[in-house]
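Text of final_29.cif, listed as mmCIF, C-alpha atoms and all ligand atoms:
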data_data
#
loop_
_atom_site.group_PDB
_atom_site.id
_atom_site.type_symbol
_atom_site.label_atom_id
_atom_site.label_comp_id
_atom_site.auth_asym_id
_atom_site.auth_seq_id
_atom_site.Cartn_x
_atom_site.Cartn_y
_atom_site.Cartn_z
ATOM 1 C CA MET A 1 21.326 5.242 22.669
ATOM 2 C CA GLY A 2 24.818 3.831 22.340
ATOM 3 C CA LYS A 3 25.048 4.786 18.723
ATOM 4 C CA TRP A 4 24.718 8.449 19.556
ATOM 5 C CA VAL A 5 27.633 8.287 21.943
ATOM 6 C CA HIS A 6 29.677 6.748 19.215
ATOM 7 C CA LYS A 7 28.570 9.459 16.829
ATOM 8 C CA ALA A 8 29.390 12.150 19.344
ATOM 9 C CA LEU A 9 32.874 10.819 19.731
ATOM 10 C CA THR A 10 33.560 10.813 16.027
ATOM 11 C CA PRO A 11 36.410 13.256 15.538
ATOM 12 C CA THR A 12 35.407 16.216 13.409
ATOM 13 C CA ASP A 13 36.467 19.818 13.437
ATOM 14 C CA THR A 14 36.284 20.330 17.150
ATOM 15 C CA ALA A 15 38.850 23.107 17.101
ATOM 16 C CA GLU A 16 36.465 26.034 17.173
ATOM 17 C CA THR A 17 33.461 24.514 18.843
ATOM 18 C CA GLY A 18 35.206 22.756 21.668
ATOM 19 C CA PRO A 19 34.547 19.151 22.715
ATOM 20 C CA HIS A 20 31.308 17.616 21.554
ATOM 21 C CA ALA A 21 28.424 17.380 23.926
ATOM 22 C CA ASP A 22 28.305 14.547 26.368
ATOM 23 C CA MET A 23 25.434 12.178 25.682
ATOM 24 C CA GLU A 24 24.405 12.166 29.300
ATOM 25 C CA ASP A 25 24.399 15.963 29.407
ATOM 26 C CA LEU A 26 22.193 16.063 26.346
ATOM 27 C CA ALA A 27 19.757 13.688 27.980
ATOM 28 C CA LEU A 28 19.759 15.763 31.148
ATOM 29 C CA LEU A 29 19.189 18.914 29.121
ATOM 30 C CA VAL A 30 16.227 17.361 27.348
ATOM 31 C CA GLU A 31 14.789 16.306 30.680
ATOM 32 C CA GLY A 32 15.371 19.780 32.060
ATOM 33 C CA LYS A 33 17.739 18.498 34.702
ATOM 34 C CA LEU A 34 20.839 20.334 33.577
ATOM 35 C CA GLY A 35 21.562 23.707 35.103
ATOM 36 C CA GLY A 36 24.172 26.392 35.672
ATOM 37 C CA ASP A 37 27.366 26.617 33.646
ATOM 38 C CA GLU A 38 26.997 23.150 32.242
ATOM 39 C CA ARG A 39 23.716 24.152 30.682
ATOM 40 C CA GLU A 40 25.156 27.401 29.327
ATOM 41 C CA ASN A 41 28.181 25.673 27.814
ATOM 42 C CA LEU A 42 26.104 22.959 26.276
ATOM 43 C CA LEU A 43 23.631 25.402 24.743
ATOM 44 C CA ARG A 44 26.509 27.472 23.348
ATOM 45 C CA HIS A 45 28.007 24.368 21.788
ATOM 46 C CA LEU A 46 24.664 23.289 20.351
ATOM 47 C CA ASN A 47 24.365 26.700 18.759
ATOM 48 C CA GLN A 48 27.557 26.101 16.840
ATOM 49 C CA CYS A 49 27.601 22.378 16.235
ATOM 50 C CA GLY A 50 25.105 20.883 13.829
ATOM 51 C CA GLN A 51 26.268 17.400 14.697
ATOM 52 C CA CYS A 52 25.398 17.696 18.359
ATOM 53 C CA TYR A 53 22.201 19.546 17.545
ATOM 54 C CA GLU A 54 21.148 16.575 15.453
ATOM 55 C CA ILE A 55 21.939 14.243 18.324
ATOM 56 C CA LEU A 56 19.902 16.472 20.612
ATOM 57 C CA GLN A 57 16.915 16.249 18.306
ATOM 58 C CA SER A 58 17.169 12.478 18.182
ATOM 59 C CA THR A 59 17.413 12.398 21.949
ATOM 60 C CA MET A 60 14.281 14.504 22.216
ATOM 61 C CA LYS A 61 12.475 12.117 19.903
ATOM 62 C CA ASP A 62 13.601 9.135 21.947
ATOM 63 C CA VAL A 63 12.395 10.801 25.108
ATOM 64 C CA GLN A 64 9.052 11.600 23.551
ATOM 65 C CA GLU A 65 8.636 8.049 22.347
ATOM 66 C CA ALA A 66 9.439 6.639 25.745
ATOM 67 C CA PRO A 67 8.155 9.032 28.431
ATOM 68 C CA SER A 68 9.233 6.684 31.197
ATOM 69 C CA ALA A 69 12.762 6.814 29.833
ATOM 70 C CA GLU A 70 14.584 6.038 33.029
ATOM 71 C CA PRO A 71 17.571 3.676 32.773
ATOM 72 C CA THR A 72 15.115 0.879 31.929
ATOM 73 C CA PRO A 73 15.724 -0.421 28.425
ATOM 74 C CA ILE A 74 13.147 0.533 25.831
ATOM 75 C CA ALA A 75 10.828 -2.341 24.975
ATOM 76 C CA TRP A 76 11.915 -4.014 21.767
ATOM 77 C CA TRP A 77 8.694 -3.133 19.994
ATOM 78 C CA LYS A 78 9.271 0.524 20.684
ATOM 79 C CA THR A 79 12.599 0.621 18.934
ATOM 80 C CA LYS A 80 12.845 2.127 15.524
ATOM 81 C CA SER A 81 14.070 -1.054 13.857
ATOM 82 C CA ALA A 82 11.088 -2.938 15.233
ATOM 83 C CA TYR A 83 8.811 -0.255 13.865
ATOM 84 C CA ALA A 84 10.503 -0.559 10.512
ATOM 85 C CA LEU A 85 10.167 -4.321 10.587
ATOM 86 C CA ALA A 86 6.505 -4.163 11.523
ATOM 87 C CA ALA A 87 5.891 -1.566 8.850
ATOM 88 C CA SER A 88 7.526 -3.698 6.194
ATOM 89 C CA ILE A 89 5.521 -6.728 7.253
ATOM 90 C CA ILE A 90 2.299 -4.735 7.065
ATOM 91 C CA PHE A 91 3.426 -3.405 3.707
ATOM 92 C CA LEU A 92 4.019 -6.919 2.407
ATOM 93 C CA ILE A 93 0.618 -8.029 3.615
ATOM 94 C CA LEU A 94 -1.071 -5.055 2.010
ATOM 95 C CA VAL A 95 0.708 -5.258 -1.288
ATOM 96 C CA GLY A 96 1.197 -8.927 -1.946
ATOM 97 C CA GLY A 97 -0.174 -11.956 -0.264
ATOM 98 C CA PRO A 98 -2.719 -14.335 -1.739
ATOM 99 C CA LEU A 99 -4.763 -13.941 1.448
ATOM 100 C CA VAL A 100 -5.295 -10.290 0.806
ATOM 101 C CA TYR A 101 -5.947 -10.927 -2.829
ATOM 102 C CA GLN A 102 -8.749 -13.291 -1.907
ATOM 103 C CA PHE A 103 -10.077 -10.849 0.605
ATOM 104 C CA GLN A 104 -10.194 -8.054 -1.921
ATOM 105 C CA THR A 105 -11.830 -10.091 -4.628
ATOM 106 C CA ARG A 106 -14.399 -11.429 -2.233
ATOM 107 C CA GLN A 107 -15.099 -7.903 -1.130
ATOM 108 C CA SER A 108 -15.790 -6.521 -4.559
ATOM 109 C CA LEU A 109 -17.403 -9.391 -6.441
ATOM 110 C CA ILE A 110 -20.095 -7.931 -8.583
ATOM 111 C CA ALA A 111 -23.254 -9.601 -9.835
ATOM 112 C CA SER A 112 -23.859 -7.303 -12.757
ATOM 113 C CA ALA A 113 -21.877 -5.150 -15.118
ATOM 114 C CA GLU A 114 -22.169 -3.057 -18.239
ATOM 115 C CA LEU A 115 -19.307 -3.102 -20.687
ATOM 116 C CA ILE A 116 -18.695 -1.431 -23.970
ATOM 117 C CA VAL A 117 -18.261 -4.212 -26.513
ATOM 118 C CA ASP A 118 -14.745 -3.975 -27.877
ATOM 119 C CA GLN A 119 -12.947 -6.278 -30.258
ATOM 120 C CA GLU A 120 -11.882 -8.616 -27.511
ATOM 121 C CA LEU A 121 -15.437 -9.157 -26.333
ATOM 122 C CA LYS A 122 -16.679 -9.332 -29.890
ATOM 123 C CA ASP A 123 -14.292 -12.185 -30.649
ATOM 124 C CA ILE A 124 -15.673 -14.183 -27.784
ATOM 125 C CA LEU A 125 -19.285 -13.353 -28.555
ATOM 126 C CA LEU A 126 -18.852 -14.297 -32.201
ATOM 127 C CA GLU A 127 -17.048 -17.533 -31.564
ATOM 128 C CA TYR A 128 -20.232 -19.411 -32.223
ATOM 129 C CA ASP A 129 -23.840 -18.422 -32.283
ATOM 130 C CA ALA A 130 -25.353 -20.765 -29.727
ATOM 131 C CA LEU A 131 -27.308 -18.997 -27.048
ATOM 132 C CA GLU A 132 -25.834 -21.097 -24.330
ATOM 133 C CA TRP A 133 -22.115 -21.552 -23.849
ATOM 134 C CA HIS A 134 -20.919 -24.910 -22.708
ATOM 135 C CA ARG A 135 -17.251 -24.818 -23.508
ATOM 136 C CA VAL A 136 -15.348 -24.297 -20.291
ATOM 137 C CA LYS A 137 -12.399 -22.825 -22.148
ATOM 138 C CA ARG A 138 -14.519 -20.150 -23.724
ATOM 139 C CA ILE A 139 -16.204 -19.285 -20.455
ATOM 140 C CA LYS A 140 -12.851 -19.077 -18.717
ATOM 141 C CA ARG A 141 -11.556 -16.800 -21.432
ATOM 142 C CA PHE A 142 -14.596 -14.602 -21.009
ATOM 143 C CA ILE A 143 -14.034 -14.402 -17.250
ATOM 144 C CA SER A 144 -10.387 -13.532 -17.729
ATOM 145 C CA VAL A 145 -11.327 -10.754 -20.143
ATOM 146 C CA LEU A 146 -13.731 -9.388 -17.547
ATOM 147 C CA HIS A 147 -10.986 -9.518 -14.925
ATOM 148 C CA LYS A 148 -8.597 -7.761 -17.255
ATOM 149 C CA LYS A 149 -11.126 -4.979 -17.653
ATOM 150 C CA GLY A 150 -11.302 -4.662 -13.884
ATOM 151 C CA TYR A 151 -14.578 -6.468 -13.304
ATOM 152 C CA ARG A 152 -14.324 -8.867 -10.408
ATOM 153 C CA VAL A 153 -17.497 -10.749 -11.130
ATOM 154 C CA LYS A 154 -19.060 -13.553 -9.190
ATOM 155 C CA SER A 155 -18.095 -16.961 -10.426
ATOM 156 C CA PHE A 156 -20.219 -18.649 -13.052
ATOM 157 C CA ASP A 157 -19.861 -21.762 -15.169
ATOM 158 C CA ARG A 158 -22.705 -21.229 -17.598
ATOM 159 C CA VAL A 159 -23.393 -18.400 -19.972
ATOM 160 C CA ILE A 160 -26.748 -17.689 -21.533
ATOM 161 C CA LEU A 161 -27.270 -15.045 -24.167
ATOM 162 C CA ALA A 162 -30.598 -13.282 -24.432
ATOM 163 C CA LYS A 163 -30.306 -13.325 -28.216
ATOM 164 C CA PRO A 164 -27.706 -14.395 -30.733
ATOM 165 C CA TYR A 165 -24.909 -11.962 -31.288
ATOM 166 C CA TYR A 166 -24.061 -10.902 -34.823
ATOM 167 C CA GLN A 167 -21.273 -8.746 -36.067
ATOM 168 C CA THR A 168 -22.414 -5.191 -36.540
ATOM 169 C CA LYS A 169 -22.309 -4.224 -40.172
ATOM 170 C CA SER A 170 -20.459 -0.969 -39.867
ATOM 171 C CA LEU A 171 -17.216 -0.386 -38.078
ATOM 172 C CA PHE A 172 -18.494 3.046 -37.242
ATOM 173 C CA GLY A 173 -21.914 1.934 -36.149
ATOM 174 C CA PRO A 174 -23.334 2.712 -32.766
ATOM 175 C CA GLU A 175 -21.431 1.390 -29.804
ATOM 176 C CA GLU A 176 -22.754 -1.711 -28.202
ATOM 177 C CA VAL A 177 -23.067 -2.418 -24.534
ATOM 178 C CA LEU A 178 -22.853 -5.846 -23.021
ATOM 179 C CA TYR A 179 -25.060 -6.273 -19.994
ATOM 180 C CA ILE A 180 -24.063 -9.042 -17.650
ATOM 181 C CA ARG A 181 -26.110 -10.363 -14.785
ATOM 182 C CA ILE A 182 -24.842 -13.253 -12.752
ATOM 183 C CA ASP A 183 -27.281 -15.348 -10.815
ATOM 184 C CA ASP A 184 -26.635 -18.684 -9.180
ATOM 185 C CA GLY A 185 -23.593 -19.547 -11.262
ATOM 186 C CA VAL A 186 -25.145 -18.473 -14.545
ATOM 187 C CA ALA A 187 -24.146 -15.354 -16.439
ATOM 188 C CA TYR A 188 -26.947 -13.847 -18.473
ATOM 189 C CA LEU A 189 -25.720 -11.703 -21.314
ATOM 190 C CA GLU A 190 -27.473 -9.205 -23.431
ATOM 191 C CA VAL A 191 -25.991 -6.887 -26.026
ATOM 192 C CA LYS A 192 -27.765 -3.644 -26.754
ATOM 193 C CA GLU A 193 -26.927 -0.637 -28.817
ATOM 194 C CA LYS A 194 -25.735 2.238 -26.742
ATOM 195 C CA LYS A 195 -28.389 4.891 -26.486
HETATM 196 ZN ZN ZN A 201 29.333 18.992 18.854
#
Using the file provided, produce a representation of the structure as structure tokens.
Amino acid sequence: MGKWVHKALTPTDTAETGPHADMEDLALLVEGKLGGDERENLLRHLNQCGQCYEILQSTMKDVQEAPSAEPTPIAWWKTKSAYALAASIIFLILVGGPLVYQFQTRQSLIASAELIVDQELKDILLEYDALEWHRVKRIKRFISVLHKKGYRVKSFDRVILAKPYYQTKSLFGPEEVLYIRIDDGVAYLEVKEKK
């Protein structure tokens, strides 16, 4: 609470409002232990002095946070800076962190998906017309496209198409949907016209 004492002693326009409230008096007031003239004077000052009123509010918060606020020092983990530190650590863990990343991806790995076939997918599908993909690079590119589209799919290292994929004749033809089912490291693909 030392900082509040310092704050209270900061010289400001004390001319009209009289001397600033004593830190100890404020604490006693909050605890209901201040009486008589002292209490009256303090309340009158608080009515006029925003600075001391602010200090009073902080004191009340401190007292609420530490109900056993006798002279014993507040445990370090109860202090505001410790809270802030803990909060920032939790924030870092939530936002960044490869651990969390792994956790999230493991949580939401999906075994099947339906995607509208856009140009990006078309390029991959048209790369060659074999029904089974063996090229690791191509498969990796396919997985990264899925990730980019927000699909955290189970891992696979083989791709099998139900039927060869050919470029649709018309740019304005019906939309196509790519159905993906992943089973035991194999992704089974099928492209169908959207109904
Ligand atoms: Zn004051």
Å distance separating CA of Gln51 in chain A from CA of Glu38 in chain A, one decimal place: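 The value is 18.5 Å.
With only C-alpha atoms as the atoms that count, the minimum distance from Glu132 in chain A to the choices A:Ala111, A:Val186, A:Ile180, A:Val145 is reached by A:Val186.
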At most 7 Å from ligand ZN 201 (chain A) (only C-alpha atoms and all ligand atoms): residue list as a PyMOL selection string: chain A and resi 8+17+19-21+45-46+49-52
Within-12 Å shell of (-16.2, -13.9, -19.3) in input frame, all atoms listed in the file, as an NGL selection string: :A and (113 or 115 or 120-125 or 133 or 135-160 or 178-182 or 186-189)
Close residues, Lys192 in chain A itself excluded, 12 Å, all atoms listed in the file, min 3 positions apart in chain, as a PyMOL selection string: chain A and resi 114-117+161-166+168+174-180+189+195
Coordinates-based distance that separates CA of Val191 in chain A from CA of Ile110 in chain A (Å, one decimal): 18.4 Å
Between CA of Gly185 in chain A and CA of Gln167 in chain A, distance in Å (one decimal):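 Calculated distance between CA of Gly185 in chain A and CA of Gln167 in chain A is 27.2 Å.
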